[in-house]
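Asker: Once you've had a glance at the structure underneath, I'll fire off some questions.
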2 protein chains.
Amino acid sequence: MGRKNNVTFSDIAEYTHFSKTTISRYFNNPDSLTLENQAIISDALVKLNYKENKVARILANGKTEFIGIIIPNMYLHYYSEMLNQILSTYETFGYKFLVFVGNENDEIERQYIRELLAYKIEGLIILSHTIPSHELAELSIPIVTIEREDQYVSSVNTDNYMGGIQATSLLFKHQCDIFIHINSPTPTATPAYGRVRGFLDVCEQNQLDHRIIYKDLGSNYETTQKQLQEIIEELEHDYPDRKKGIFISNDTHANTLLNLLFRKHGRLPDDYLIVGFDNSPVSREAIIPISTVGQQIDKLAFEAVSLLVDQMNERKKRKPMPLTEPVHKVITPILFRRGTTEKDGT
Amino acid sequence: MGRKNNVTFSDIAEYTHFSKTTISRYFNNPDSLTLENQAIISDALVKLNYKENKVARILANGKTEFIGIIIPNMYLHYYSEMLNQILSTYETFGYKFLVFVGNENDEIERQYIRELLAYKIEGLIILSHTIPSHELAELSIPIVTIEREDQYVSSVNTDNYMGGIQATSLLFKHQCDIFIHINSPTPTATPAYGRVRGFLDVCEQNQLDHRIIYKDLGSNYETTQKQLQEIIEELEHDYPDRKKGIFISNDTHANTLLNLLFRKHGRLPDDYLIVGFDNSPVSREAIIPISTVGQQIDKLAFEAVSLLVDQMNERKKRKPMPLTEPVHKVITPILFRRGTTEKDGT
């Protein structure tokens with residue numbers, strides 16, 4: 001009997017002399033049995049070489065334990081590390097993840113979502129930006145987004161406004177003459193726009209000479225380098241003898257800017273201070289370690305899954321009380337002071 | 001009727017006046033129906049607002065279309081890009097991926113594999129190194145590994161030996177005086193050991209003065225930096241006036257080595273030539289673009305899934321012919337010559 005390929009509930013019932021109903025209760029609601037009876041059945045499963053078939057269980061209780069994830073790309077370390085941290089919540093919550101990479105094509109992402117719904121996912125985590133939140137809300141399943149437009153769905157985001165304040169205040173403390181924020185054009189409805197607001201508020205409250213340079217910095221090194229080279233020429237022309245405090249959109253761009261300046265001058269000139277965003281590995285591995293506003297990716301991921309699990313659990317209650325309003329959680333960023341601002345022990 | 005929540009085969013049969021058997025054939029073997037009848041049923045699905053339930057279909061035909069993936073980490077860009085490329089094969093093959101990150105704990109990885117088997121995955125792709133291939137082979141499901149010990153299972157690997165030849169030949173062409181390979185200790189049974197063999201063969205065939213430095217370079221920037229700093233001091237002591245051709249284990253380590261030399265000398269001294277491995281983004285984004293042996297990650301991923309799909313399809317045949325021997329495919333690497341070897345137009 002131990003060699004039989006597919007051990008059924010009937011086999012287990014016959015072996016243990018329990019009813020099939022009792023065996024079913026063991027799998028779906030073990031606490032309704034005594035510990036002694038649980039042990040008898042558990043021993044029988046080993047003897048019979050029972051292999052759990054979750055697909056069959058799903059049909060019985062409707063719970064797939066699947067969460068779908070759609071991320072925009074894995075080129076940026078931010079997304080791969082976020083995915084890593086989301087997957088690691090399996091240890092805490094036990095949910096399994098079906099993962100798709102969207103590559104910024106909304107039609108393909110809609111196809112992915114249909115596929116995920118066909119597999120009866122219990123919830124969905126969205127990091128990509130292509131599908132507006134009012135459309136996501138219509139899917140009528142628990143959804144949490146991370147760092148994207150989130151008006152109609154629940155979300156977890158870094159406190160981007162606080163990050164903008166931290167970065168600009170650090171440059172202010174170093175008494176720069178001109179404060180510059182470099183970014184790709186950022187829609188005001190995205191959480192990341194908070195960085196721009198934080199920068200502007202510190203500058204305006206302290207009546208600082210400041211400037212925002214919006215320029216599409218591209219998504220590969222060559223484009224970014226070309227765009228930043230033009231910006232450097234502009235800055236050196238407009239502010240030749242002034243101490244320039246630069247807060248730039250992310251660490252990948254900060255690294256490119258730093259390399260361009262370093263190659264040109266053999267070092268980072270004293271009249272340049274640079275702060276990036278993310279605390280991604282390149283900020284530590286650069287030619288000079290880069291000061292940066294660190295996102296707490298582990299906390300963002302954990303809170304996102306946690307928020308989703310709450311919603312999924314609510315649905316399993318006899319009288320579910322769905323959210324009437326989306327919940328938006330924010331996670332505080334952490335400032336890292338490194339070589340691009342703290343020169344020679346200042 | 002269009003508002004009913006769960007449209008069943010009976011509903012579709014009633015609406016179209018076909019039998020339930022015909023409806024079932026539409027889903028499981030559509031080519032057995034005429035195109036006209038397929039169109040009638042397809043139109044009915046739209047009218048009835050039918051939502052596909054793949055979980056129910058799996059129970060009917062046993063095919064989950066799931067592939068499990070276990071990767072060791074997502075810190076190294078190599079792994080996140082590989083995962084990215086594997087996930088993108090969905091467009092070609094239609095398989096969905098359940099992803100786990102192992103973090104080099106074999107007991108946890110065994111638990112992940114049990115979980116994946118409970119979900120009736122059709123095949124498994126393993127990139128982590130912890131579980132020996134003889135144990136993987138005993139799982140009796142289609143398995144393909146990538147760049148790890150693979151004696152008893154099918155695999156797809158970079159032609160690491162060729163990569164070692166390419167890197168060392170490039171340094172030879174530049175007439176270095178001493179040839180150095182820096183690596184963490186590499187077991188001879190792993191594909192990556194081919195790099196060491198390639199290095200040794202070029203050196204011995206050309207009677208070159210050479211040396212292998214095995215040192216645990218660690219898995220974070222600080223450790224790598226400390227270890228490489230010691231190596232630099234040793235090299236400058238042992239070979240002060242000789243042209244040093246260095247082939248180092250990967251681009252992350254090559255970047256750290258380059259930064260240490262650059263900070264010390266304000267540039268990369270003429271008596272150092274460096275070649276890395278992988279062609280990861282840091283090789284292009286470094287202070288000087290780094291020469292490297294590029295792994296074709298897109299091809300590695302596609303061939304791995306393709307090899308797995310062949311094995312999974314074989315299992316679905318009426319008389320399956322499983323592989324008698326593991327299949328090992330190799331993908332040729334591509335040499336990129338950049339600033340760390342091609343100085344000033346040489």
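Naming works like this for the structure tokens: A, B, ... for the chains as they're shown, residue 1 at the start of each chain, ligands 1 onward in shown order.
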Can you pull out every residue from stretch 118-320 of chain B that DSSP, working from the backbone, puts in strand (DSSP E), and format the result as a PDB file with C-alpha atoms, in the first residue's frame?

Answerer:
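Output below, filename selection33.pdb:
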```
ATOM      1  CA  GLY B 123       9.112  21.248 -14.083  1.00  0.00           C
ATOM      2  CA  LEU B 124      11.838  22.908 -12.020  1.00  0.00           C
ATOM      3  CA  ILE B 125      14.673  25.347 -12.815  1.00  0.00           C
ATOM      4  CA  ILE B 126      17.444  25.475 -10.203  1.00  0.00           C
ATOM      5  CA  ILE B 143      14.686  19.638 -14.025  1.00  0.00           C
ATOM      6  CA  VAL B 144      17.169  21.989 -15.666  1.00  0.00           C
ATOM      7  CA  THR B 145      19.964  23.735 -13.745  1.00  0.00           C
ATOM      8  CA  ILE B 146      21.882  26.857 -14.784  1.00  0.00           C
ATOM      9  CA  SER B 154      20.169  18.452 -17.411  1.00  0.00           C
ATOM     10  CA  SER B 155      21.673  21.920 -17.544  1.00  0.00           C
ATOM     11  CA  VAL B 156      22.448  25.032 -19.557  1.00  0.00           C
ATOM     12  CA  ASN B 157      25.738  26.788 -18.844  1.00  0.00           C
ATOM     13  CA  THR B 158      27.987  29.434 -20.304  1.00  0.00           C
ATOM     14  CA  ILE B 178      52.683  38.575 -15.423  1.00  0.00           C
ATOM     15  CA  PHE B 179      49.208  36.986 -15.744  1.00  0.00           C
ATOM     16  CA  ILE B 180      47.054  36.831 -12.625  1.00  0.00           C
ATOM     17  CA  HIS B 181      43.687  35.184 -12.017  1.00  0.00           C
ATOM     18  CA  ILE B 182      41.831  36.338  -8.872  1.00  0.00           C
ATOM     19  CA  ASN B 183      38.875  34.259  -7.683  1.00  0.00           C
ATOM     20  CA  HIS B 210      51.264  33.331 -14.190  1.00  0.00           C
ATOM     21  CA  ARG B 211      49.675  32.999 -10.788  1.00  0.00           C
ATOM     22  CA  ILE B 212      46.236  32.113  -9.385  1.00  0.00           C
ATOM     23  CA  ILE B 213      45.153  33.975  -6.246  1.00  0.00           C
ATOM     24  CA  TYR B 214      42.307  32.154  -4.477  1.00  0.00           C
ATOM     25  CA  LYS B 244      50.103  43.013 -14.707  1.00  0.00           C
ATOM     26  CA  GLY B 245      47.273  41.339 -16.677  1.00  0.00           C
ATOM     27  CA  ILE B 246      44.453  40.562 -14.237  1.00  0.00           C
ATOM     28  CA  PHE B 247      41.502  38.290 -15.014  1.00  0.00           C
ATOM     29  CA  ILE B 248      39.088  38.527 -12.057  1.00  0.00           C
ATOM     30  CA  TYR B 272      47.452  47.283 -14.803  1.00  0.00           C
ATOM     31  CA  LEU B 273      45.069  45.626 -17.281  1.00  0.00           C
ATOM     32  CA  ILE B 274      41.786  44.224 -15.956  1.00  0.00           C
ATOM     33  CA  VAL B 275      39.204  41.833 -17.442  1.00  0.00           C
ATOM     34  CA  GLY B 276      36.026  40.897 -15.549  1.00  0.00           C
ATOM     35  CA  PHE B 277      33.238  38.393 -16.222  1.00  0.00           C
ATOM     36  CA  ASP B 278      29.444  38.654 -16.831  1.00  0.00           C
ATOM     37  CA  SER B 291      36.573  44.860 -20.323  1.00  0.00           C
ATOM     38  CA  THR B 292      34.624  41.692 -19.615  1.00  0.00           C
ATOM     39  CA  VAL B 293      33.558  38.252 -20.795  1.00  0.00           C
ATOM     40  CA  GLY B 294      29.807  38.608 -21.339  1.00  0.00           C
TER      41      GLY B 294
END
```

Asker: For chain B, list the residues within 8 Å of chain A, counting only C-alpha atoms, and write the list as a PyMOL selection string.

Answerer: chain B and resi 51-56+58-59+73-75+77+80-81+84+87-88+96-101+118-120+221+255-256+259+262-263+266-267+282+284-287

Asker: Can you check which residues of stretch 95-300 of chain B DSSP gives as alpha helix (DSSP H) on the backbone and send them as a VMD selection string?

Answerer: chain B and resid 106 to 118 133 to 137 160 to 173 193 to 205 221 to 238 251 to 265 281 to 285 297 to 300

Asker: Set the distance at 8 Å and use only C-alpha atoms: which residues neighbour A:Glu122 once local chain neighbours fewer than 5 positions away are removed? I'd like the list as a PyMOL selection string.

Answerer: chain A and resi 63-67+141-142+312

Asker: Kindly save the residues from that selection, with C-alpha atoms included, as a short mmCIF file (atom, residue, chain, number, x, y, z; two decimals), in the first residue's frame.

Answerer:
```cif
data_model
loop_
_atom_site.label_atom_id
_atom_site.label_comp_id
_atom_site.auth_asym_id
_atom_site.auth_seq_id
_atom_site.Cartn_x
_atom_site.Cartn_y
_atom_site.Cartn_z
CA LYS A 63 -7.96 29.15 -1.15
CA THR A 64 -5.11 29.08 -3.64
CA GLU A 65 -2.63 30.91 -1.37
CA PHE A 66 -1.44 32.67 -4.54
CA ILE A 67 -0.53 36.34 -4.77
CA ILE A 141 -9.85 41.62 -5.61
CA PRO A 142 -7.52 42.76 -2.82
CA MET A 312 -7.57 38.62 1.94
#
```

Asker: Please list as a list of chain:residue names every residue within 10 Å of B:Asp271, counting only C-alpha atoms and excluding residues in the same chain fewer than 5 positions away.

Answerer: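 In the requested form, the answer reads B:Cys176, B:Asp177, B:Tyr239, B:Pro240, B:Asp241, B:Arg242, B:Lys243, B:Lys244, B:Gly245.
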
Asker: Store the residues of this selection in a file with N, CA and C atoms, as an mmCIF file, in the first residue's frame.

Answerer:
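In the end it all went to out-v4.cif:
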```cif
data_model
loop_
_atom_site.group_PDB
_atom_site.id
_atom_site.type_symbol
_atom_site.label_atom_id
_atom_site.label_comp_id
_atom_site.auth_asym_id
_atom_site.auth_seq_id
_atom_site.Cartn_x
_atom_site.Cartn_y
_atom_site.Cartn_z
ATOM 1 N N CYS B 176 51.319 41.401 -21.551
ATOM 2 C CA CYS B 176 51.580 41.600 -20.126
ATOM 3 C C CYS B 176 52.800 40.787 -19.708
ATOM 4 N N ASP B 177 53.424 41.193 -18.586
ATOM 5 C CA ASP B 177 54.600 40.476 -18.081
ATOM 6 C C ASP B 177 54.205 39.355 -17.130
ATOM 7 N N TYR B 239 55.457 42.551 -7.824
ATOM 8 C CA TYR B 239 55.674 42.857 -9.257
ATOM 9 C C TYR B 239 55.670 44.366 -9.499
ATOM 10 N N PRO B 240 56.570 45.105 -8.858
ATOM 11 C CA PRO B 240 56.489 46.569 -8.897
ATOM 12 C C PRO B 240 56.606 47.159 -10.313
ATOM 13 N N ASP B 241 57.478 46.631 -11.151
ATOM 14 C CA ASP B 241 57.703 47.292 -12.438
ATOM 15 C C ASP B 241 57.211 46.454 -13.612
ATOM 16 N N ARG B 242 56.331 45.486 -13.303
ATOM 17 C CA ARG B 242 55.915 44.597 -14.392
ATOM 18 C C ARG B 242 54.475 44.894 -14.791
ATOM 19 N N LYS B 243 54.173 44.669 -16.036
ATOM 20 C CA LYS B 243 52.831 44.911 -16.576
ATOM 21 C C LYS B 243 51.929 43.751 -16.159
ATOM 22 N N LYS B 244 50.915 44.047 -15.341
ATOM 23 C CA LYS B 244 50.103 43.013 -14.707
ATOM 24 C C LYS B 244 48.769 42.828 -15.457
ATOM 25 N N GLY B 245 48.541 41.653 -16.007
ATOM 26 C CA GLY B 245 47.273 41.339 -16.677
ATOM 27 C C GLY B 245 46.382 40.553 -15.729
#
```

Asker: What's the separation between atom CA of A:Ala192 and atom CA of A:Tyr152, in Å to one decimal place?

Answerer: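 The value is 17.1 Å.
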
Asker: Stretch 319-332 of chain B: which residues within 9 Å, counting only C-alpha atoms, same-chain residues fewer than 2 positions away excluded, as a PyMOL selection string?

Answerer: chain B and resi 144+150-160+162-163+295-296+299-300+303-304+307+311+313-317+334

Asker: Go ahead and save the residues from that selection, with C-alpha atoms, as a PDB file, in the first residue's frame.

Answerer:
```pdb
ATOM      1  CA  VAL B 144      17.169  21.989 -15.666  1.00  0.00           C
ATOM      2  CA  ASP B 150      24.945  19.358 -12.776  1.00  0.00           C
ATOM      3  CA  GLN B 151      26.340  15.826 -12.976  1.00  0.00           C
ATOM      4  CA  TYR B 152      22.989  14.005 -12.659  1.00  0.00           C
ATOM      5  CA  VAL B 153      20.553  16.567 -14.128  1.00  0.00           C
ATOM      6  CA  SER B 154      20.169  18.452 -17.411  1.00  0.00           C
ATOM      7  CA  SER B 155      21.673  21.920 -17.544  1.00  0.00           C
ATOM      8  CA  VAL B 156      22.448  25.032 -19.557  1.00  0.00           C
ATOM      9  CA  ASN B 157      25.738  26.788 -18.844  1.00  0.00           C
ATOM     10  CA  THR B 158      27.987  29.434 -20.304  1.00  0.00           C
ATOM     11  CA  ASP B 159      31.039  27.946 -22.005  1.00  0.00           C
ATOM     12  CA  ASN B 160      33.199  29.010 -19.075  1.00  0.00           C
ATOM     13  CA  MET B 162      35.952  29.489 -23.641  1.00  0.00           C
ATOM     14  CA  GLY B 163      35.440  32.567 -21.432  1.00  0.00           C
ATOM     15  CA  GLN B 295      27.372  35.841 -20.490  1.00  0.00           C
ATOM     16  CA  GLN B 296      24.412  35.732 -22.884  1.00  0.00           C
ATOM     17  CA  LYS B 299      20.053  32.789 -24.424  1.00  0.00           C
ATOM     18  CA  LEU B 300      20.888  30.861 -21.247  1.00  0.00           C
ATOM     19  CA  GLU B 303      17.560  27.453 -23.707  1.00  0.00           C
ATOM     20  CA  ALA B 304      16.898  26.388 -20.105  1.00  0.00           C
ATOM     21  CA  LEU B 307      15.031  22.200 -22.652  1.00  0.00           C
ATOM     22  CA  GLN B 311      11.023  17.166 -21.211  1.00  0.00           C
ATOM     23  CA  ASN B 313       6.008  17.682 -23.374  1.00  0.00           C
ATOM     24  CA  GLU B 314       7.572  14.232 -23.552  1.00  0.00           C
ATOM     25  CA  ARG B 315       5.791  13.337 -20.296  1.00  0.00           C
ATOM     26  CA  LYS B 316       2.401  14.220 -21.798  1.00  0.00           C
ATOM     27  CA  LYS B 317       2.760  11.727 -24.630  1.00  0.00           C
ATOM     28  CA  ILE B 334      31.134  37.235 -25.889  1.00  0.00           C
TER      29      ILE B 334
END
```

Asker: Which residues are close to stretch 16-32 of chain B, i.e. within 10 Å by only C-alpha atoms, leaving aside same-chain residues fewer than 2 positions away? Reply as a list in words.

Answerer: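 Here the qualifying residues turn out to be Thr8, Phe9, Ser10, Asp11, Ile12, Ala13, Glu14, Thr34, Leu35, Asn37, Gln38, Ile40, Ile41, Ser42, Asp43, Ala44, Leu45, Glu52, Arg57, Ala60 and Asn61 of chain B.
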
Asker: With C-alpha atoms retained, write the just-selected residues as a PDB file, in the first residue's frame.

Answerer:
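Saved as out29.pdb:
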```pdb
ATOM      1  CA  THR B   8     -20.673  26.785 -15.735  1.00  0.00           C
ATOM      2  CA  PHE B   9     -20.329  24.404 -18.684  1.00  0.00           C
ATOM      3  CA  SER B  10     -24.072  23.661 -18.234  1.00  0.00           C
ATOM      4  CA  ASP B  11     -24.903  27.342 -18.722  1.00  0.00           C
ATOM      5  CA  ILE B  12     -22.799  27.472 -21.882  1.00  0.00           C
ATOM      6  CA  ALA B  13     -24.367  24.237 -23.161  1.00  0.00           C
ATOM      7  CA  GLU B  14     -27.880  25.554 -22.541  1.00  0.00           C
ATOM      8  CA  THR B  34     -15.388  22.893 -36.598  1.00  0.00           C
ATOM      9  CA  LEU B  35     -14.239  26.516 -36.782  1.00  0.00           C
ATOM     10  CA  ASN B  37     -18.818  25.772 -33.785  1.00  0.00           C
ATOM     11  CA  GLN B  38     -15.720  27.151 -32.073  1.00  0.00           C
ATOM     12  CA  ILE B  40     -20.424  30.016 -31.667  1.00  0.00           C
ATOM     13  CA  ILE B  41     -19.040  28.904 -28.297  1.00  0.00           C
ATOM     14  CA  SER B  42     -16.460  31.680 -28.200  1.00  0.00           C
ATOM     15  CA  ASP B  43     -19.215  34.284 -28.786  1.00  0.00           C
ATOM     16  CA  ALA B  44     -21.327  32.693 -26.055  1.00  0.00           C
ATOM     17  CA  LEU B  45     -18.451  33.019 -23.556  1.00  0.00           C
ATOM     18  CA  GLU B  52     -11.877  30.996 -17.121  1.00  0.00           C
ATOM     19  CA  ARG B  57      -9.118  22.861 -15.782  1.00  0.00           C
ATOM     20  CA  ALA B  60      -9.577  17.970 -15.609  1.00  0.00           C
ATOM     21  CA  ASN B  61      -6.364  17.580 -17.607  1.00  0.00           C
TER      22      ASN B  61
END
```

Asker: Record the distance separating atom CA of B:His253 and atom CA of B:Lys226, expressed in Å with one decimal.

Answerer: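 Spanning atom CA of B:His253 to atom CA of B:Lys226 is a straight-line distance of 11.4 Å.
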